[in-house]
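Below is data_33.pdb, holding PDB, C-alpha atoms.
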ATOM      1  CA  MET A 409      60.983  58.198  14.095
ATOM      2  CA  GLN A 410      59.666  59.088  17.549
ATOM      3  CA  LYS A 411      59.840  62.781  18.412
ATOM      4  CA  GLU A 412      61.860  63.880  21.447
ATOM      5  CA  VAL A 413      59.813  65.031  24.427
ATOM      6  CA  VAL A 414      59.937  68.704  25.420
ATOM      7  CA  LEU A 415      58.339  69.931  28.648
ATOM      8  CA  SER A 416      57.786  73.357  30.156
ATOM      9  CA  GLY A 417      55.485  74.836  32.793
ATOM     10  CA  ILE A 418      54.454  78.276  33.945
ATOM     11  CA  ARG A 419      53.040  79.302  37.305
ATOM     12  CA  PRO A 420      49.683  81.142  37.251
ATOM     13  CA  THR A 421      50.970  83.812  39.625
ATOM     14  CA  GLY A 422      50.997  86.857  37.384
ATOM     15  CA  PHE A 423      50.316  88.144  33.895
ATOM     16  CA  LEU A 424      52.349  87.012  30.883
ATOM     17  CA  HIS A 425      54.484  89.816  29.488
ATOM     18  CA  LEU A 426      56.725  90.644  26.541
ATOM     19  CA  GLY A 427      59.696  88.899  28.153
ATOM     20  CA  ASN A 428      57.663  85.681  28.415
ATOM     21  CA  TYR A 429      56.559  86.010  24.804
ATOM     22  CA  PHE A 430      59.901  86.733  23.146
ATOM     23  CA  GLY A 431      62.020  84.761  25.622
ATOM     24  CA  ALA A 432      59.862  81.624  25.648
ATOM     25  CA  MET A 433      56.449  81.538  23.981
ATOM     26  CA  ARG A 434      57.674  82.365  20.493
ATOM     27  CA  ASN A 435      60.122  79.455  20.681
ATOM     28  CA  TYR A 436      57.442  77.112  22.051
ATOM     29  CA  VAL A 437      55.306  77.840  18.999
ATOM     30  CA  ARG A 438      58.218  76.744  16.802
ATOM     31  CA  MET A 439      58.910  73.667  18.956
ATOM     32  CA  GLN A 440      55.382  72.277  18.602
ATOM     33  CA  ASP A 441      56.005  71.204  15.004
ATOM     34  CA  GLU A 442      59.277  69.382  15.674
ATOM     35  CA  PHE A 443      58.904  67.846  19.128
ATOM     36  CA  ASN A 444      56.393  66.024  21.310
ATOM     37  CA  CYS A 445      55.538  68.985  23.554
ATOM     38  CA  TYR A 446      53.952  69.050  27.005
ATOM     39  CA  PHE A 447      53.145  72.540  28.283
ATOM     40  CA  PHE A 448      51.379  72.927  31.609
ATOM     41  CA  VAL A 449      50.053  75.451  34.104
ATOM     42  CA  ALA A 450      51.865  74.828  37.400
ATOM     43  CA  ASP A 451      49.035  75.446  39.848
ATOM     44  CA  TRP A 452      50.534  73.187  42.574
ATOM     45  CA  HIS A 453      53.808  75.102  42.363
ATOM     46  CA  SER A 454      51.947  78.390  42.822
ATOM     47  CA  LEU A 455      50.590  77.225  46.197
ATOM     48  CA  THR A 456      54.097  77.308  47.695
ATOM     49  CA  THR A 457      54.056  81.115  47.581
ATOM     50  CA  HIS A 458      50.393  81.985  46.919
ATOM     51  CA  PRO A 459      48.270  79.917  49.347
ATOM     52  CA  ASP A 460      45.183  82.114  48.843
ATOM     53  CA  THR A 461      43.350  80.381  45.989
ATOM     54  CA  LYS A 462      40.435  82.798  45.454
ATOM     55  CA  ALA A 463      41.860  84.083  42.172
ATOM     56  CA  LEU A 464      43.572  80.836  41.121
ATOM     57  CA  LYS A 465      40.863  79.566  38.753
ATOM     58  CA  ALA A 466      40.762  82.833  36.824
ATOM     59  CA  SER A 467      44.576  82.911  36.674
ATOM     60  CA  VAL A 468      44.759  79.355  35.340
ATOM     61  CA  HIS A 469      42.167  80.171  32.668
ATOM     62  CA  ARG A 470      44.050  83.337  31.707
ATOM     63  CA  VAL A 471      47.372  81.486  31.305
ATOM     64  CA  ILE A 472      45.747  78.809  29.135
ATOM     65  CA  ALA A 473      44.050  81.489  27.019
ATOM     66  CA  GLU A 474      47.237  83.537  26.616
ATOM     67  CA  ASN A 475      49.265  80.459  25.642
ATOM     68  CA  ILE A 476      46.798  79.698  22.848
ATOM     69  CA  ALA A 477      46.606  83.371  21.828
ATOM     70  CA  CYS A 478      50.395  83.397  21.488
ATOM     71  CA  GLY A 479      50.221  80.550  18.981
ATOM     72  CA  LEU A 480      50.242  77.234  20.842
ATOM     73  CA  ASP A 481      47.941  74.775  19.108
ATOM     74  CA  PRO A 482      46.108  72.421  21.533
ATOM     75  CA  GLU A 483      45.869  69.940  18.657
ATOM     76  CA  LYS A 484      49.665  69.775  18.368
ATOM     77  CA  VAL A 485      50.722  69.956  22.041
ATOM     78  CA  SER A 486      49.522  68.617  25.367
ATOM     79  CA  LEU A 487      48.358  71.790  27.120
ATOM     80  CA  TYR A 488      47.171  70.902  30.600
ATOM     81  CA  VAL A 489      46.851  71.924  34.234
ATOM     82  CA  GLN A 490      49.302  70.257  36.631
ATOM     83  CA  SER A 491      46.650  69.214  39.182
ATOM     84  CA  ASP A 492      44.671  67.404  36.456
ATOM     85  CA  VAL A 493      47.455  64.798  36.251
ATOM     86  CA  PRO A 494      47.515  63.022  39.651
ATOM     87  CA  GLU A 495      50.335  60.721  38.527
ATOM     88  CA  ILE A 496      52.661  63.703  39.003
ATOM     89  CA  ALA A 497      51.825  63.730  42.716
ATOM     90  CA  GLU A 498      52.534  60.005  43.004
ATOM     91  CA  LEU A 499      55.933  60.336  41.346
ATOM     92  CA  TYR A 500      56.624  63.380  43.540
ATOM     93  CA  LEU A 501      56.062  61.180  46.604
ATOM     94  CA  TYR A 502      58.475  58.484  45.353
ATOM     95  CA  LEU A 503      61.150  61.051  44.448
ATOM     96  CA  ASN A 504      60.850  62.666  47.890
ATOM     97  CA  MET A 505      62.209  59.389  49.281
ATOM     98  CA  LEU A 506      65.346  60.016  47.209
ATOM     99  CA  ALA A 507      65.742  63.712  48.143
ATOM    100  CA  TYR A 508      67.562  64.866  51.240
ATOM    101  CA  LYS A 509      66.824  67.758  53.552
ATOM    102  CA  GLY A 510      70.382  69.091  53.471
ATOM    103  CA  GLU A 511      70.596  69.374  49.682
ATOM    104  CA  LEU A 512      67.150  70.961  49.437
ATOM    105  CA  GLU A 513      67.993  73.594  52.047
ATOM    106  CA  LYS A 514      71.061  74.656  50.019
ATOM    107  CA  VAL A 515      69.077  75.507  46.869
ATOM    108  CA  PRO A 516      69.519  79.275  46.226
ATOM    109  CA  THR A 517      65.880  79.770  45.192
ATOM    110  CA  PHE A 518      64.742  78.187  48.483
ATOM    111  CA  LYS A 519      66.980  80.572  50.432
ATOM    112  CA  ASP A 520      65.587  83.501  48.449
ATOM    113  CA  LYS A 521      61.988  82.480  49.112
ATOM    114  CA  VAL A 522      62.699  82.010  52.840
ATOM    115  CA  ARG A 523      64.068  85.549  52.949
ATOM    116  CA  LEU A 524      61.069  86.927  51.050
ATOM    117  CA  GLN A 525      58.375  85.005  52.963
ATOM    118  CA  PRO A 526      59.777  84.085  56.419
ATOM    119  CA  ASP A 527      56.282  83.447  57.784
ATOM    120  CA  ASN A 528      55.420  80.851  55.126
ATOM    121  CA  VAL A 529      58.366  78.440  54.903
ATOM    122  CA  ASN A 530      56.284  75.387  54.031
ATOM    123  CA  ALA A 531      57.392  71.865  53.071
ATOM    124  CA  GLY A 532      56.238  72.469  49.497
ATOM    125  CA  LEU A 533      58.683  75.353  49.248
ATOM    126  CA  LEU A 534      61.510  73.102  50.434
ATOM    127  CA  THR A 535      60.610  70.282  48.043
ATOM    128  CA  TYR A 536      59.857  72.540  45.053
ATOM    129  CA  PRO A 537      62.766  71.010  43.052
ATOM    130  CA  VAL A 538      61.363  67.519  43.700
ATOM    131  CA  LEU A 539      57.959  68.472  42.297
ATOM    132  CA  MET A 540      59.682  70.107  39.328
ATOM    133  CA  ALA A 541      61.605  66.862  38.783
ATOM    134  CA  ALA A 542      58.326  64.911  38.899
ATOM    135  CA  ASP A 543      56.813  67.278  36.308
ATOM    136  CA  ILE A 544      59.704  66.508  33.946
ATOM    137  CA  LEU A 545      60.260  62.822  34.634
ATOM    138  CA  ILE A 546      56.570  61.866  34.481
ATOM    139  CA  HIS A 547      56.804  62.303  30.694
ATOM    140  CA  ARG A 548      60.446  61.163  30.565
ATOM    141  CA  ALA A 549      61.226  64.485  28.892
ATOM    142  CA  VAL A 550      64.729  64.980  27.502
ATOM    143  CA  LYS A 551      64.537  68.672  26.617
ATOM    144  CA  VAL A 552      63.472  71.329  29.120
ATOM    145  CA  PRO A 553      63.495  75.037  28.191
ATOM    146  CA  VAL A 554      64.704  76.800  31.338
ATOM    147  CA  GLY A 555      66.237  80.109  32.319
ATOM    148  CA  LYS A 556      69.498  80.433  34.245
ATOM    149  CA  ASP A 557      67.618  80.615  37.559
ATOM    150  CA  GLN A 558      66.105  77.159  36.955
ATOM    151  CA  GLU A 559      69.208  75.318  35.755
ATOM    152  CA  GLN A 560      70.071  74.075  39.240
ATOM    153  CA  HIS A 561      66.564  72.631  39.596
ATOM    154  CA  LEU A 562      67.085  70.784  36.326
ATOM    155  CA  GLU A 563      70.440  69.476  37.559
ATOM    156  CA  MET A 564      68.641  68.177  40.652
ATOM    157  CA  ALA A 565      66.066  66.475  38.415
ATOM    158  CA  ARG A 566      68.943  64.650  36.730
ATOM    159  CA  ASN A 567      70.296  63.674  40.153
ATOM    160  CA  PHE A 568      66.922  62.269  41.235
ATOM    161  CA  ALA A 569      66.637  60.382  37.930
ATOM    162  CA  ASP A 570      70.129  58.929  38.462
ATOM    163  CA  ARG A 571      69.328  57.876  42.039
ATOM    164  CA  PHE A 572      66.113  56.210  40.954
ATOM    165  CA  ASN A 573      67.826  54.413  38.055
ATOM    166  CA  HIS A 574      70.694  53.279  40.288
ATOM    167  CA  ARG A 575      68.349  51.924  42.942
ATOM    168  CA  TYR A 576      65.506  50.485  40.862
ATOM    169  CA  GLY A 577      66.767  50.093  37.284
ATOM    170  CA  GLU A 578      66.938  52.269  34.165
ATOM    171  CA  VAL A 579      63.638  54.124  33.853
ATOM    172  CA  PHE A 580      64.392  57.803  33.333
ATOM    173  CA  PRO A 581      66.455  59.580  30.656
ATOM    174  CA  GLN A 582      68.618  62.578  31.525
ATOM    175  CA  PRO A 583      66.673  65.828  30.978
ATOM    176  CA  ARG A 584      68.812  68.610  29.540
ATOM    177  CA  PRO A 585      68.331  72.369  29.228
ATOM    178  CA  PHE A 586      67.134  73.323  25.791
ATOM    179  CA  ASN A 587      66.397  76.412  23.791
ATOM    180  CA  PHE A 588      65.197  76.245  20.227
ATOM    181  CA  SER A 589      67.327  79.188  19.232
ATOM    182  CA  ASN A 590      70.753  80.318  20.382
ATOM    183  CA  ASN A 591      69.638  83.907  19.776
ATOM    184  CA  LEU A 592      67.321  84.244  22.746
ATOM    185  CA  VAL A 593      65.884  87.721  23.233
ATOM    186  CA  LYS A 594      66.305  89.262  26.667
ATOM    187  CA  ILE A 595      63.711  91.938  27.437
ATOM    188  CA  LEU A 596      64.645  94.386  30.185
ATOM    189  CA  SER A 597      62.315  96.314  32.443
ATOM    190  CA  LEU A 598      61.423  99.761  31.068
ATOM    191  CA  ASP A 599      62.989 101.383  34.147
ATOM    192  CA  GLY A 600      66.350  99.741  33.431
ATOM    193  CA  ASN A 601      66.254  97.550  36.543
ATOM    194  CA  GLY A 602      66.612  93.900  35.550
ATOM    195  CA  LYS A 603      64.192  91.871  33.453
ATOM    196  CA  MET A 604      60.482  92.449  32.988
ATOM    197  CA  SER A 605      58.560  90.704  35.746
ATOM    198  CA  LYS A 606      55.169  89.016  36.091
ATOM    199  CA  SER A 607      54.610  90.691  39.453
ATOM    200  CA  GLU A 608      57.209  93.379  40.244
ATOM    201  CA  ASN A 609      57.134  97.013  39.082
ATOM    202  CA  GLN A 610      54.134  96.609  36.819
ATOM    203  CA  MET A 611      54.465 100.047  35.221
ATOM    204  CA  ALA A 612      57.874  99.009  33.852
ATOM    205  CA  THR A 613      56.554  95.779  32.320
ATOM    206  CA  ILE A 614      54.406  95.426  29.211
ATOM    207  CA  TYR A 615      51.842  92.673  29.695
ATOM    208  CA  LEU A 616      50.070  90.825  26.893
ATOM    209  CA  SER A 617      46.792  91.964  28.468
ATOM    210  CA  ASP A 618      47.647  95.711  28.490
ATOM    211  CA  ASP A 619      45.323  97.961  26.495
ATOM    212  CA  ASP A 620      46.614 100.457  23.935
ATOM    213  CA  GLU A 621      46.507 103.464  26.254
ATOM    214  CA  LEU A 622      48.365 101.675  29.048
ATOM    215  CA  ILE A 623      51.066 100.563  26.596
ATOM    216  CA  ARG A 624      51.516 104.183  25.472
ATOM    217  CA  LYS A 625      51.686 105.353  29.082
ATOM    218  CA  LYS A 626      54.316 102.781  30.078
ATOM    219  CA  ILE A 627      56.577 103.361  27.083
ATOM    220  CA  LYS A 628      56.318 107.128  27.519
ATOM    221  CA  LYS A 629      57.740 106.680  31.040
ATOM    222  CA  ALA A 630      60.584 104.385  29.882
ATOM    223  CA  LYS A 631      64.012 105.401  31.130
ATOM    224  CA  THR A 632      66.129 107.439  28.700
ATOM    225  CA  ASP A 633      69.085 109.837  28.960
ATOM    226  CA  GLU A 634      70.199 113.095  27.338
ATOM    227  CA  GLY A 635      71.343 111.275  24.229
ATOM    228  CA  PRO A 636      74.787 110.252  22.902
ATOM    229  CA  SER A 637      77.682 112.652  23.279
ATOM    230  CA  HIS A 638      79.450 111.530  20.083
ATOM    231  CA  ASP A 639      78.710 109.733  16.837
ATOM    232  CA  ASN A 640      78.271 105.930  16.954
ATOM    233  CA  ALA A 641      78.342 105.916  20.751
ATOM    234  CA  GLU A 642      77.676 102.660  22.567
ATOM    235  CA  LYS A 643      74.118 102.459  23.899
ATOM    236  CA  PRO A 644      73.418 101.994  27.627
ATOM    237  CA  ASP A 645      71.426  98.819  28.383
ATOM    238  CA  TYR A 646      68.137 100.667  28.933
ATOM    239  CA  ILE A 647      68.475 102.507  25.595
ATOM    240  CA  GLN A 648      69.470  99.335  23.762
ATOM    241  CA  ASN A 649      66.357  97.741  25.260
ATOM    242  CA  LEU A 650      64.144 100.313  23.518
ATOM    243  CA  PHE A 651      65.878  99.526  20.229
ATOM    244  CA  THR A 652      65.499  95.795  20.887
ATOM    245  CA  LEU A 653      61.756  96.261  21.423
ATOM    246  CA  MET A 654      61.564  98.340  18.255
ATOM    247  CA  GLU A 655      63.379  95.634  16.275
ATOM    248  CA  LEU A 656      60.752  93.145  17.449
ATOM    249  CA  VAL A 657      57.601  95.107  16.601
ATOM    250  CA  SER A 658      58.468  97.886  14.127
ATOM    251  CA  THR A 659      59.353  97.844  10.442
ATOM    252  CA  LYS A 660      62.965  97.628   9.307
ATOM    253  CA  GLU A 661      62.747 101.175   7.918
ATOM    254  CA  VAL A 662      61.585 102.602  11.247
ATOM    255  CA  VAL A 663      64.415 100.867  13.139
ATOM    256  CA  GLU A 664      67.023 102.063  10.643
ATOM    257  CA  LYS A 665      65.740 105.652  10.885
ATOM    258  CA  PHE A 666      66.120 105.821  14.667
ATOM    259  CA  GLU A 667      69.426 103.915  14.598
ATOM    260  CA  ALA A 668      70.779 106.540  12.187
ATOM    261  CA  ASP A 669      69.426 109.350  14.390
ATOM    262  CA  TYR A 670      71.175 107.853  17.418
ATOM    263  CA  ASN A 671      74.478 107.288  15.624
ATOM    264  CA  GLN A 672      74.439 110.876  14.364
ATOM    265  CA  CYS A 673      73.575 112.341  17.809
ATOM    266  CA  ASN A 674      70.223 113.415  16.423
ATOM    267  CA  ILE A 675      67.926 111.144  18.427
ATOM    268  CA  ARG A 676      64.641 112.475  19.809
ATOM    269  CA  TYR A 677      63.574 109.931  22.398
ATOM    270  CA  GLY A 678      60.079 111.389  22.603
ATOM    271  CA  ASP A 679      59.511 110.665  18.911
ATOM    272  CA  MET A 680      61.086 107.233  19.215
ATOM    273  CA  LYS A 681      58.938 106.241  22.197
ATOM    274  CA  LYS A 682      55.795 107.529  20.503
ATOM    275  CA  GLN A 683      56.530 105.394  17.425
ATOM    276  CA  LEU A 684      57.442 102.383  19.553
ATOM    277  CA  ALA A 685      54.244 102.710  21.594
ATOM    278  CA  GLU A 686      52.052 102.735  18.473
ATOM    279  CA  ASP A 687      53.842  99.739  16.958
ATOM    280  CA  MET A 688      53.721  97.867  20.260
ATOM    281  CA  ALA A 689      49.989  98.515  20.614
ATOM    282  CA  ILE A 690      49.411  97.111  17.117
ATOM    283  CA  PHE A 691      51.515  94.030  17.970
ATOM    284  CA  ILE A 692      49.835  93.296  21.328
ATOM    285  CA  LYS A 693      46.233  93.958  20.277
ATOM    286  CA  PRO A 694      45.469  90.665  18.440
ATOM    287  CA  ILE A 695      47.043  88.584  21.237
ATOM    288  CA  ARG A 696      45.082  90.480  23.909
ATOM    289  CA  GLU A 697      41.803  90.241  22.022
ATOM    290  CA  LYS A 698      42.164  86.548  21.182
ATOM    291  CA  ALA A 699      43.056  85.733  24.816
ATOM    292  CA  ALA A 700      40.021  87.692  26.054
ATOM    293  CA  THR A 701      37.730  85.849  23.647
ATOM    294  CA  ILE A 702      39.036  82.478  24.845
ATOM    295  CA  GLN A 703      38.748  83.478  28.519
ATOM    296  CA  ASN A 704      35.105  84.359  27.970
ATOM    297  CA  ASP A 705      34.387  80.962  26.383
ATOM    298  CA  ASN A 706      34.246  78.684  29.410
ATOM    299  CA  ALA A 707      33.040  75.668  27.419
ATOM    300  CA  TYR A 708      36.044  75.919  25.082
ATOM    301  CA  LEU A 709      38.469  76.337  28.001
ATOM    302  CA  GLN A 710      37.039  73.297  29.771
ATOM    303  CA  LYS A 711      37.355  71.271  26.562
ATOM    304  CA  ILE A 712      40.999  72.315  26.059
ATOM    305  CA  MET A 713      41.946  71.511  29.668
ATOM    306  CA  ARG A 714      40.093  68.178  29.628
ATOM    307  CA  GLU A 715      41.655  67.049  26.348
ATOM    308  CA  GLY A 716      45.100  68.281  27.422
ATOM    309  CA  ALA A 717      44.870  66.339  30.666
ATOM    310  CA  GLU A 718      43.762  63.209  28.823
ATOM    311  CA  LYS A 719      46.793  63.385  26.516
ATOM    312  CA  ALA A 720      49.160  64.102  29.408
ATOM    313  CA  ARG A 721      47.750  61.232  31.478
ATOM    314  CA  VAL A 722      48.429  58.679  28.735
ATOM    315  CA  SER A 723      52.135  59.477  29.044
ATOM    316  CA  ALA A 724      51.999  59.854  32.845
ATOM    317  CA  LYS A 725      50.204  56.535  33.411
ATOM    318  CA  ALA A 726      52.721  54.712  31.232
ATOM    319  CA  THR A 727      55.587  56.148  33.286
ATOM    320  CA  ILE A 728      53.937  55.353  36.633
ATOM    321  CA  ASN A 729      53.346  51.753  35.545
ATOM    322  CA  VAL A 730      57.050  51.352  34.761
ATOM    323  CA  VAL A 731      58.000  53.103  38.016
ATOM    324  CA  ARG A 732      55.799  50.860  40.133
ATOM    325  CA  GLU A 733      57.069  47.756  38.336
ATOM    326  CA  SER A 734      60.695  48.814  38.854
ATOM    327  CA  MET A 735      60.137  49.632  42.531
ATOM    328  CA  GLY A 736      58.222  46.461  43.235
ATOM    329  CA  VAL A 737      55.114  48.297  44.432
ATOM    330  CA  LYS A 738      52.828  46.889  41.748
ATOM    331  CA  TYR A 739      50.992  44.206  43.745
TER     332      TYR A 739
END

Turn this file's structure into C-alpha cells for me.
Amino acid sequence: MQKEVVLSGIRPTGFLHLGNYFGAMRNYVRMQDEFNCYFFVADWHSLTTHPDTKALKASVHRVIAENIACGLDPEKVSLYVQSDVPEIAELYLYLNMLAYKGELEKVPTFKDKVRLQPDNVNAGLLTYPVLMAADILIHRAVKVPVGKDQEQHLEMARNFADRFNHRYGEVFPQPRPFNFSNNLVKILSLDGNGKMSKSENQMATIYLSDDDELIRKKIKKAKTDEGPSHDNAEKPDYIQNLFTLMELVSTKEVVEKFEADYNQCNIRYGDMKKQLAEDMAIFIKPIREKAATIQNDNAYLQKIMREGAEKARVSAKATINVVRESMGVKY
C-alpha cells in the first residue's frame, strides 16, 4: 500500500530551538517511518523578509545539519533545499494565475509583515501563500504539519487546488493539517511572554546550538515568583513551563520531587532551575555536537542536499507533467 505524503518546510532565518524540537522535530522523526515524507529548507520564502543573502548559505547548512542531528534520516525522507527543485517555481507561476490580489491582501500574516517591514512590501510577501501552496501541491501532499498561524495558508492551498481542479481537471488532492500526536508540547519563552522564538528575545529561548554555560545562564534568568501561597496551588503559565521543560529532560524522580515541593509550598526555584539547567545541558549536548560535526563536513552536506533534491524532483517532475498535460501547455 502506498504511503501518504507528508510535507513540511522551515525557513533558514534563525536558529532551531526547543519549541521547534518538541513541537515539530520529534514528531517528524516518528513520521518518517510511517509516511512518505518531504522536509525542505524554505530559502525562497526567507527572501521575502531577509533579502540580504550573505549568511544564507551557512543558515541553510545549519538547518540541514540540525534536522539530521534531531533524528531525521536522509535515507528515509526527502530532505532538500527549496531552490534545488525548480518545478516548485513553475507551479508557483501557474497558481499565481488562480490567486487574486484582494484575497492575498486580506491574509493576516501579510498584514503583520507589512506593519513590521513597511519599506519592503514586495510581491513575494504578497504571494507567500501561493508559494506555500506550490510547495505542498508539487508533491500532492495530503498531510501538512502546521501551527495555528499557518492554517489559513493551508486553507488557501486547498482553495488553489480546487480552482485548478475545477478549471483543468482533477490533479491535486486536498492537503489537510496534520499532527502525529494530539498531545503536542507547547514551549513558552523563559520570560513568560509567548512562545520561544527563532529570532526574538534570544536570552529567553533555548537554542539547539547553545553551549552548556549559556543554557545555565538562560535558565537561571527564567521568570519565577515568590512561590505558592497554599498547598496544591495552580501554577502560573511561566512556572508550569519550567515543569514542562523538566518533564521533557529530567528523570521521573526529579520531576516528582519538585512537584511535591511545589504542592507543599516548599519549592526552592533556585534549586529547581539549577537541576533543570544541568539536565537540559545534558539533553542538548549530543544534538549540538552532532549538528556541528555535520556542518563542518561540507562534502557530506553537499551529498545530502544533492540526493534530497534528486528524490524531491522525481515527485515534482511527475506532478508538473500532469499539470502541463491538464492545462494544455505540453506542446

If you count all atoms listed in the file, which residues fall within 6 Å of Arg419 in chain A, apart from same-chain ones fewer than 3 positions away, as a PyMOL selection string?
chain A and resi 449-450+454

Residue IDs satisfying the PyMOL selection byres ((chain A and resi 581) around 8), as a VMD selection string
chain A and resid 548 to 550 569 579 to 580 582 to 583

Where does the PyMOL selection byres ((chain A and resi 718-734) around 10) land in this file, that is, which residues does it pick, as a PyMOL selection string?
chain A and resi 445-448+485-490+492-496+498-499+502+543+545-548+572-573+575-580+712-717+735-739

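In this comparison, which uses all atoms listed in the file, the residue of A:Thr457, A:Ser637, A:Thr421, A:Gln672 approaching Ala531 in chain A most closely is A:Thr457.
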
Top pick for closest residue to Glu697 in chain A, considering A:Asn504, A:Leu616, A:Ala630, A:Lys681 and counting only C-alpha atoms:
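Among the listed residues, the smallest separation from Glu697 in chain A belongs to A:Leu616.
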
Please list, as a list of chain:residue names, the residues that have an atom at most 10 Å away from (78.6, 113.8, 11.7) in the coordinates of this file, counting all atoms listed in the file.
A:His638, A:Asp639, A:Asn640, A:Asn671, A:Gln672, A:Cys673, A:Asn674

Could you work out an axis-aligned bounding box for all listed atoms of range 461-468 of chain A, with 4 Å added on each of the six sides, and give its centre and edge lengths in Å to one decimal, as lines of an AutoDock Vina configuration file?
center_x = 42.6
center_y = 81.7
center_z = 40.7
size_x = 12.3
size_y = 12.7
size_z = 18.6
